[in-house]
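Trainee: Below: one structure in structure tokens.
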Amino acid sequence: MNLSTDSTGWVPRPLDAELTDYLPQPLTADVNASWLTADGAVRLSGSGHARYILEKLTAAFTHYHPSVRFAIELKGTPTAMAFAINDRAMFSVMGREITPMEIVPWRKQRGAEPLAVRVAGAALDTHQHLATSLAVYVHHANPLARISLSQLSRIFTAGNPGGDVSRWGQLGLGDDWADRRIVPLTTQQYSGFGSYMQKHHFGGRALSADCEYLVGTDRLLERLEQEPSAICVAAIGRETALLRALPLAADDSGPWLKGTAEEMTAGRYALGRYLWFYLPTRYGGGLDALQLAFLRFTLSRQGQQIIASQPDGYLPLSAADVEMEQRRLDLAEGA
């Protein structure tokens with residue numbers, strides 16, 4: 001499999017040298033599996049932004065297991081969830097974690113918690129409409145040099161242990177900025193993006209009464225261009241002549257990072273996100289042999305090489321992250 005360059009001259013991202021090879025084992029697919037199409041192909045569902053890697057992964061997987069055929073049906077996140085919950089796809093690929101509201105029907109239908117496996121790091125820009133990691137943006141007129149997640153939480157949520165922040169002077173700005181009111185721009189709390197921030201960075205606290213709500217990165221950044229006193233979290237890679245992304249740290253002691261590919265893969269950038277495979281499991285049911293084989297292939301050196309080959313695409317995982325996901329599969333296999 002030669003993925004050294006493509007027709008544009010793109011050089012695949014480097015892989016962690018500790019990633020291990022896929023070791024194919026004899027595989028017999030379940031001919032009665034509910035995720036098979038009428039003609040016996042294995043249905044995969046999910047978001048359209050994952051088409052490149054799914055087409056490449058399935059083609060490479062059938063090289064090892066030629067009896068397996070796939071039907072890739074990428075009709076968006078709502079369909080992906082319905083297919084996974086109702087056992088109509090071997091897995092559904094998503095560029096975000098499912099929300100608390102989506103977990104409710106999953107638990108009711110499946111009788112188990114969702115099994116989600118990270119297969120790649122999110123992309124670093126939006127020009128291909130891929131799922132991305134996030135950045136914190138301010139207007140170019142704003143002199144703030146950097147920000148920590150703890151400061152971000154104190155701006156966007158209420159009831160913080162260290163007190164809430166509503167004026168730029170509380171973050172060290174002086175002169176005419178000291179008394180300026182901060183305008184936090186955000187999406188709804190239970191959107192995919194909002195749920196991610198609540199789960200990982202905001203401690204489940206209620207959003208500040210000062211927040212203005214908009215839908216998606218484009219609307220957030222358009223509003224920020226109009227309001228120099230505002231701040232927002234949005235898709236990474238969207239700086240403009242009027243907007244800049246702030247160096248970010250997990251806490252007030254640093255280090256202050258810009259969200260490079262290396263920082264993302266190493267797990268050091270605080271707003272790095274992932275591409276996920278959601279698998280339809282039931283309580284006590286474990287995983288199908290084909291599910292396990294495909295996931296292990298995706299997490300192998302060969303699978304991560306495919307992910308690294310997409311021009312300006314998703315990021316390969318580190319060996320440490322792969323080991324964590326392999327352990328998750330080991331537990332599911334023994335369920």
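A note on labels: chains of the structure tokens are A, B, ... as shown, every chain counts residues from 1, and ligands are counted from 1 in their shown order.
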Would you pick out the contacts of Val68 of chain A at 8 Å or less, using only C-alpha atoms, so that residues sharing its chain but fewer than 6 positions from it are not included, and give the list as a PyMOL selection string?

Mentor: chain A and resi 29+41-42+62

Trainee: Could you write out that same residue set with N, CA, C and O atoms as a PDB file, in the first residue's frame?

Mentor:
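Dumped to again29.pdb:
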```
ATOM      1  N   ALA A  29     -17.987 -13.684   8.489  1.00  0.00           N
ATOM      2  CA  ALA A  29     -18.999 -12.698   8.835  1.00  0.00           C
ATOM      3  C   ALA A  29     -20.323 -13.386   9.156  1.00  0.00           C
ATOM      4  O   ALA A  29     -20.656 -14.439   8.596  1.00  0.00           O
ATOM      5  N   ALA A  41     -24.046  -6.820   1.828  1.00  0.00           N
ATOM      6  CA  ALA A  41     -22.939  -5.917   2.141  1.00  0.00           C
ATOM      7  C   ALA A  41     -23.079  -5.385   3.563  1.00  0.00           C
ATOM      8  O   ALA A  41     -24.193  -5.257   4.098  1.00  0.00           O
ATOM      9  N   VAL A  42     -21.952  -5.080   4.185  1.00  0.00           N
ATOM     10  CA  VAL A  42     -21.927  -4.557   5.549  1.00  0.00           C
ATOM     11  C   VAL A  42     -22.164  -3.052   5.493  1.00  0.00           C
ATOM     12  O   VAL A  42     -21.375  -2.308   4.914  1.00  0.00           O
ATOM     13  N   THR A  62     -10.654  -5.071   2.786  1.00  0.00           N
ATOM     14  CA  THR A  62     -11.050  -6.185   1.917  1.00  0.00           C
ATOM     15  C   THR A  62      -9.841  -6.832   1.231  1.00  0.00           C
ATOM     16  O   THR A  62      -9.941  -7.962   0.747  1.00  0.00           O
TER      17      THR A  62
END
```

Trainee: What's the 8 Å shell around Thr281 of chain A, counting only C-alpha atoms, without same-chain residues fewer than 3 positions away, as number ranges by chain?

Mentor: A: 110, 112, 114-115, 285-287

Trainee: Write the selection just made, keeping N, CA, C and O atoms, as a short mmCIF file (atom, residue, chain, number, x, y, z; two decimals), in the first residue's frame?

Mentor:
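The file below, out.cif, is the result:
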```cif
data_model
loop_
_atom_site.label_atom_id
_atom_site.label_comp_id
_atom_site.auth_asym_id
_atom_site.auth_seq_id
_atom_site.Cartn_x
_atom_site.Cartn_y
_atom_site.Cartn_z
N ARG A 110 -30.88 0.15 23.47
CA ARG A 110 -29.78 -0.81 23.50
C ARG A 110 -29.61 -1.48 24.86
O ARG A 110 -28.97 -2.53 24.95
N ALA A 112 -27.69 -0.42 27.13
CA ALA A 112 -26.28 -0.28 27.47
C ALA A 112 -25.82 1.13 27.15
O ALA A 112 -26.49 1.87 26.42
N PRO A 114 -23.41 3.82 25.24
CA PRO A 114 -22.80 3.80 23.91
C PRO A 114 -21.33 3.38 23.99
O PRO A 114 -20.62 3.76 24.93
N LEU A 115 -20.90 2.57 23.03
CA LEU A 115 -19.49 2.24 22.91
C LEU A 115 -18.91 3.11 21.81
O LEU A 115 -19.24 2.95 20.63
N GLY A 285 -23.54 -8.19 25.66
CA GLY A 285 -23.50 -8.84 24.37
C GLY A 285 -22.15 -8.88 23.69
O GLY A 285 -21.93 -9.67 22.77
N GLY A 286 -21.21 -8.04 24.12
CA GLY A 286 -19.91 -8.00 23.48
C GLY A 286 -19.97 -7.47 22.06
O GLY A 286 -20.98 -6.88 21.63
N LEU A 287 -18.90 -7.67 21.30
CA LEU A 287 -18.80 -7.19 19.92
C LEU A 287 -18.73 -8.36 18.95
O LEU A 287 -18.23 -9.43 19.27
#
```

Trainee: If we count only C-alpha atoms and set the cut-off at 9 Å, which residues sit around His65 of chain A, ignoring sequence neighbours fewer than 6 positions away in its own chain? Please answer as a list in words.

Mentor: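 After dropping sequence-adjacent residues, the list is Pro24, Gln25, Pro26 and Leu27 of chain A.
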
Trainee: Pull N, CA and C atoms from the residues just selected and write them as a short mmCIF file (atom, residue, chain, number, x, y, z; two decimals), in the first residue's frame.

Mentor:
```
data_model
loop_
_atom_site.label_atom_id
_atom_site.label_comp_id
_atom_site.auth_asym_id
_atom_site.auth_seq_id
_atom_site.Cartn_x
_atom_site.Cartn_y
_atom_site.Cartn_z
N PRO A 24 -4.02 -9.96 10.50
CA PRO A 24 -5.32 -10.54 10.11
C PRO A 24 -5.47 -11.98 10.58
N GLN A 25 -6.67 -12.30 11.02
CA GLN A 25 -7.03 -13.65 11.42
C GLN A 25 -8.18 -14.13 10.54
N PRO A 26 -8.34 -15.44 10.38
CA PRO A 26 -9.49 -15.94 9.61
C PRO A 26 -10.79 -15.33 10.15
N LEU A 27 -11.66 -14.89 9.24
CA LEU A 27 -12.84 -14.14 9.64
C LEU A 27 -14.05 -14.65 8.87
#
```

Trainee: So that I can check the surroundings of Gly48 of chain A, please list as a list of chain:residue names every protein, DNA and RNA residue that reaches within 7 Å of it, counting only C-alpha atoms and ignoring chain neighbours fewer than 3 positions away.

Mentor: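 That gives A:Arg51, A:Leu74, A:Lys75, A:Gly76.
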
Trainee: Let me see the file: selected residues, N, CA and C atoms, as a PDB file, in the first residue's frame.

Mentor:
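Contents of again14.pdb, freshly written:
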```pdb
ATOM      1  N   ARG A  51     -16.083  10.313   4.416  1.00  0.00           N
ATOM      2  CA  ARG A  51     -16.133   9.437   3.242  1.00  0.00           C
ATOM      3  C   ARG A  51     -14.738   9.020   2.777  1.00  0.00           C
ATOM      4  N   LEU A  74     -23.520   7.466   4.063  1.00  0.00           N
ATOM      5  CA  LEU A  74     -23.222   8.610   4.926  1.00  0.00           C
ATOM      6  C   LEU A  74     -24.267   9.700   4.698  1.00  0.00           C
ATOM      7  N   LYS A  75     -25.278   9.700   5.555  1.00  0.00           N
ATOM      8  CA  LYS A  75     -26.425  10.595   5.386  1.00  0.00           C
ATOM      9  C   LYS A  75     -26.546  11.610   6.512  1.00  0.00           C
ATOM     10  N   GLY A  76     -25.495  11.760   7.304  1.00  0.00           N
ATOM     11  CA  GLY A  76     -25.510  12.773   8.343  1.00  0.00           C
ATOM     12  C   GLY A  76     -25.688  12.204   9.742  1.00  0.00           C
TER      13      GLY A  76
END
```
